[in-house]
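Participant: This is the structure, below, for whatever I ask next.
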Amino acid sequence: MEINKLLVTFVLSFFTFSSVNADLPHTTLVSDDNNTEAEANSEEDFAESSDEFEALFNVTGEDIIKDAMKYLGRPYSRGSAGPKAFDCSGFTSFVFKKNNISLGRSSRDQYTQGISVDRKDLKVGDLVFFSSPGSGRGVGHVGIVSKVENNGNFCFIHAARNGIKVDNYAKTGYYKGRYIGARRILDY
């Protein structure tokens, strides 16, 4: 935990230094199709990255679930990332993006983000990962923890073959037998 505080202090110091020098031009040189150099303003990129950084510390798991629940019942469609239809990783990346947090597009990419969390330490908003018939023992499915029960079981919202729904890990033998692990994206 002390390392996290040091990292936050360093990053906040960096952003403070950057904002002190905000009146300095923030431009980079880029090439267009004609190989001529043009100036491109990087303030938008900075704003997006600082919004995401801020969101990682201010968005709660409840915020994530509140947005996720708005899409209950939407249909499943392989390769879709919403808002009319979703696949599993399209759904999780869409919901987090609504909260200014970028996730990889595939469940395998998302499994490399954030920090690993033991099942007994899950919190609302954590990502949970499962194998699927096509993934062998590897990551093939992802959902978002929507509720943690006192006995350590959890519910999760996800894009299942029959649409966006909430399942209980312990009551659904299919997912209980395929659980791989969890990742925490938000800072608690």
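Naming works like this for the structure tokens: A, B, ... for the chains as they're shown, residue 1 at the start of each chain, ligands 1 onward in shown order.
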Excluding A:Val59 and residues on its chain fewer than 4 positions from it, collect all residues at most 12 Å away from it, counting only C-alpha atoms, and give them as a PyMOL selection string.
Facilitator: chain A and resi 51-55+63-67+95-101+124-125+185-188
Participant: Could those selected residues go to a file with N, CA and C atoms, as a short mmCIF file (atom, residue, chain, number, x, y, z; two decimals), in the first residue's frame?
Facilitator:
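File produced: again14.cif:
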```cif
data_model
loop_
_atom_site.label_atom_id
_atom_site.label_comp_id
_atom_site.auth_asym_id
_atom_site.auth_seq_id
_atom_site.Cartn_x
_atom_site.Cartn_y
_atom_site.Cartn_z
N ASP A 51 -7.93 12.69 -17.48
CA ASP A 51 -9.28 12.29 -17.11
C ASP A 51 -9.31 10.82 -16.70
N GLU A 52 -8.58 9.98 -17.45
CA GLU A 52 -8.54 8.56 -17.12
C GLU A 52 -7.82 8.34 -15.79
N PHE A 53 -6.71 9.04 -15.58
CA PHE A 53 -5.98 8.91 -14.33
C PHE A 53 -6.87 9.30 -13.15
N GLU A 54 -7.58 10.40 -13.29
CA GLU A 54 -8.48 10.86 -12.23
C GLU A 54 -9.59 9.85 -12.00
N ALA A 55 -10.13 9.29 -13.08
CA ALA A 55 -11.22 8.32 -12.97
C ALA A 55 -10.78 7.08 -12.20
N ASP A 63 -20.32 2.87 -9.19
CA ASP A 63 -20.52 3.67 -10.40
C ASP A 63 -20.50 2.77 -11.64
N ILE A 64 -19.54 1.86 -11.67
CA ILE A 64 -19.41 0.94 -12.80
C ILE A 64 -20.66 0.08 -12.93
N ILE A 65 -21.12 -0.48 -11.81
CA ILE A 65 -22.29 -1.37 -11.84
C ILE A 65 -23.56 -0.60 -12.19
N LYS A 66 -23.68 0.62 -11.69
CA LYS A 66 -24.85 1.44 -12.02
C LYS A 66 -24.96 1.60 -13.54
N ASP A 67 -23.84 1.89 -14.20
CA ASP A 67 -23.85 2.01 -15.65
C ASP A 67 -24.10 0.66 -16.32
N VAL A 95 -18.52 -0.31 -20.67
CA VAL A 95 -18.95 0.21 -19.37
C VAL A 95 -17.81 1.01 -18.71
N PHE A 96 -16.61 0.48 -18.74
CA PHE A 96 -15.49 1.21 -18.14
C PHE A 96 -15.20 2.49 -18.92
N LYS A 97 -15.32 2.46 -20.24
CA LYS A 97 -15.07 3.65 -21.06
C LYS A 97 -16.07 4.75 -20.74
N LYS A 98 -17.31 4.38 -20.44
CA LYS A 98 -18.31 5.37 -20.03
C LYS A 98 -17.87 6.11 -18.77
N ASN A 99 -16.95 5.50 -18.03
CA ASN A 99 -16.41 6.11 -16.81
C ASN A 99 -14.98 6.61 -17.01
N ASN A 100 -14.60 6.84 -18.28
CA ASN A 100 -13.27 7.38 -18.65
C ASN A 100 -12.11 6.44 -18.34
N ILE A 101 -12.36 5.14 -18.35
CA ILE A 101 -11.29 4.17 -18.10
C ILE A 101 -11.20 3.23 -19.30
N VAL A 124 -16.96 -5.06 -5.54
CA VAL A 124 -17.83 -4.65 -6.63
C VAL A 124 -17.02 -3.82 -7.61
N GLY A 125 -17.13 -4.15 -8.89
CA GLY A 125 -16.40 -3.45 -9.94
C GLY A 125 -15.17 -4.19 -10.43
N ILE A 185 -9.20 -3.04 -11.46
CA ILE A 185 -8.82 -1.89 -12.28
C ILE A 185 -8.86 -0.61 -11.46
N LEU A 186 -9.86 -0.49 -10.61
CA LEU A 186 -10.05 0.72 -9.81
C LEU A 186 -9.15 0.71 -8.58
N ASP A 187 -8.84 1.90 -8.06
CA ASP A 187 -8.04 2.02 -6.86
C ASP A 187 -8.97 2.12 -5.65
N TYR A 188 -8.93 1.12 -4.77
CA TYR A 188 -9.80 1.12 -3.57
C TYR A 188 -8.99 1.47 -2.36
#
```
Participant: Identify, on the basis of only C-alpha atoms, every residue whose closest approach to A:Gly152 does not exceed 8 Å; exclude the query and any residue fewer than 2 positions from it along the same chain; express the result as an mmCIF file with N, CA, C and O atoms, in the first residue's frame.
Facilitator:
```cif
data_model
loop_
_atom_site.group_PDB
_atom_site.id
_atom_site.type_symbol
_atom_site.label_atom_id
_atom_site.label_comp_id
_atom_site.auth_asym_id
_atom_site.auth_seq_id
_atom_site.Cartn_x
_atom_site.Cartn_y
_atom_site.Cartn_z
ATOM 1 N N ARG A 119 -10.005 -14.444 -5.039
ATOM 2 C CA ARG A 119 -11.473 -14.517 -5.021
ATOM 3 C C ARG A 119 -12.048 -14.075 -3.680
ATOM 4 O O ARG A 119 -13.067 -13.411 -3.617
ATOM 5 N N LYS A 120 -11.354 -14.387 -2.607
ATOM 6 C CA LYS A 120 -11.853 -14.012 -1.271
ATOM 7 C C LYS A 120 -11.780 -12.507 -1.017
ATOM 8 O O LYS A 120 -12.404 -12.002 -0.092
ATOM 9 N N VAL A 148 -20.860 -8.933 -3.758
ATOM 10 C CA VAL A 148 -20.034 -9.902 -3.049
ATOM 11 C C VAL A 148 -20.814 -10.333 -1.818
ATOM 12 O O VAL A 148 -21.262 -9.498 -1.032
ATOM 13 N N GLU A 149 -20.986 -11.630 -1.673
ATOM 14 C CA GLU A 149 -21.735 -12.165 -0.537
ATOM 15 C C GLU A 149 -20.796 -12.438 0.636
ATOM 16 O O GLU A 149 -19.584 -12.607 0.451
ATOM 17 N N ASN A 150 -21.359 -12.512 1.835
ATOM 18 C CA ASN A 150 -20.560 -12.743 3.055
ATOM 19 C C ASN A 150 -19.801 -14.059 3.023
ATOM 20 O O ASN A 150 -18.738 -14.179 3.628
ATOM 21 N N PHE A 154 -19.965 -14.589 -5.241
ATOM 22 C CA PHE A 154 -20.213 -13.288 -5.855
ATOM 23 C C PHE A 154 -21.176 -13.415 -7.025
ATOM 24 O O PHE A 154 -21.358 -14.488 -7.596
#
```
Participant: Which neighbours of A:Asp87 fall inside 8 Å, counting only C-alpha atoms, when residues of the same chain fewer than 6 positions from it are skipped, and could you give them as JSON, numbers by chain?
Facilitator: {"A": [76, 77, 78, 79, 80, 81, 159, 160]}
Participant: For a test of reading the model, state the distance in Å between atom CA of A:Gly61 and atom CA of A:Arg137, rounded to one decimal.
Facilitator: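 Taking atom CA of A:Gly61 and atom CA of A:Arg137, their separation equals 27.9 Å.
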Participant: For stretch 171-183 of chain A, list every protein, DNA or RNA residue within 12 Å, evaluated using only C-alpha atoms, and leave out those in the same chain fewer than 3 positions away; present the list as a ChimeraX atom specification.
Facilitator: /A:103,107-133,135-145,153-156,158,160,166-168,186-187
Participant: Between A:Arg74, A:Arg105, A:Lys84, A:Arg184, single out the one closest to A:Thr60, counting only C-alpha atoms.
Facilitator: A:Arg184
Participant: Check the smallest atom-to-atom distance from each of A:Ala68, A:Gly73, A:Gly134, A:Glu62 to A:Gly90 using only C-alpha atoms, then report the winner.
Facilitator: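 Comparing A:Ala68, A:Gly73, A:Gly134, A:Glu62 against A:Gly90, the winner is A:Ala68.
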Participant: Compile the contact shell of A:Leu72 as a ChimeraX atom specification: residues with an atom at most 7 Å away, counting only C-alpha atoms, same-chain residues fewer than 3 positions apart removed.
Facilitator: /A:69,164-165
Participant: Do a neighbour search on A:Pro75 at 7 Å with only C-alpha atoms, toss out local chain neighbours closer than 6 positions, and write the hits as a count of residues only.
Facilitator: 5
Participant: Compare A:Asn58, A:Ser146, A:Ser50, A:Ser106 by their minimum atom-to-atom distance to A:Ser89, counting only C-alpha atoms, and give me the closest one.
Facilitator: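 For A:Ser89, the nearest of the given residues is A:Ser106.
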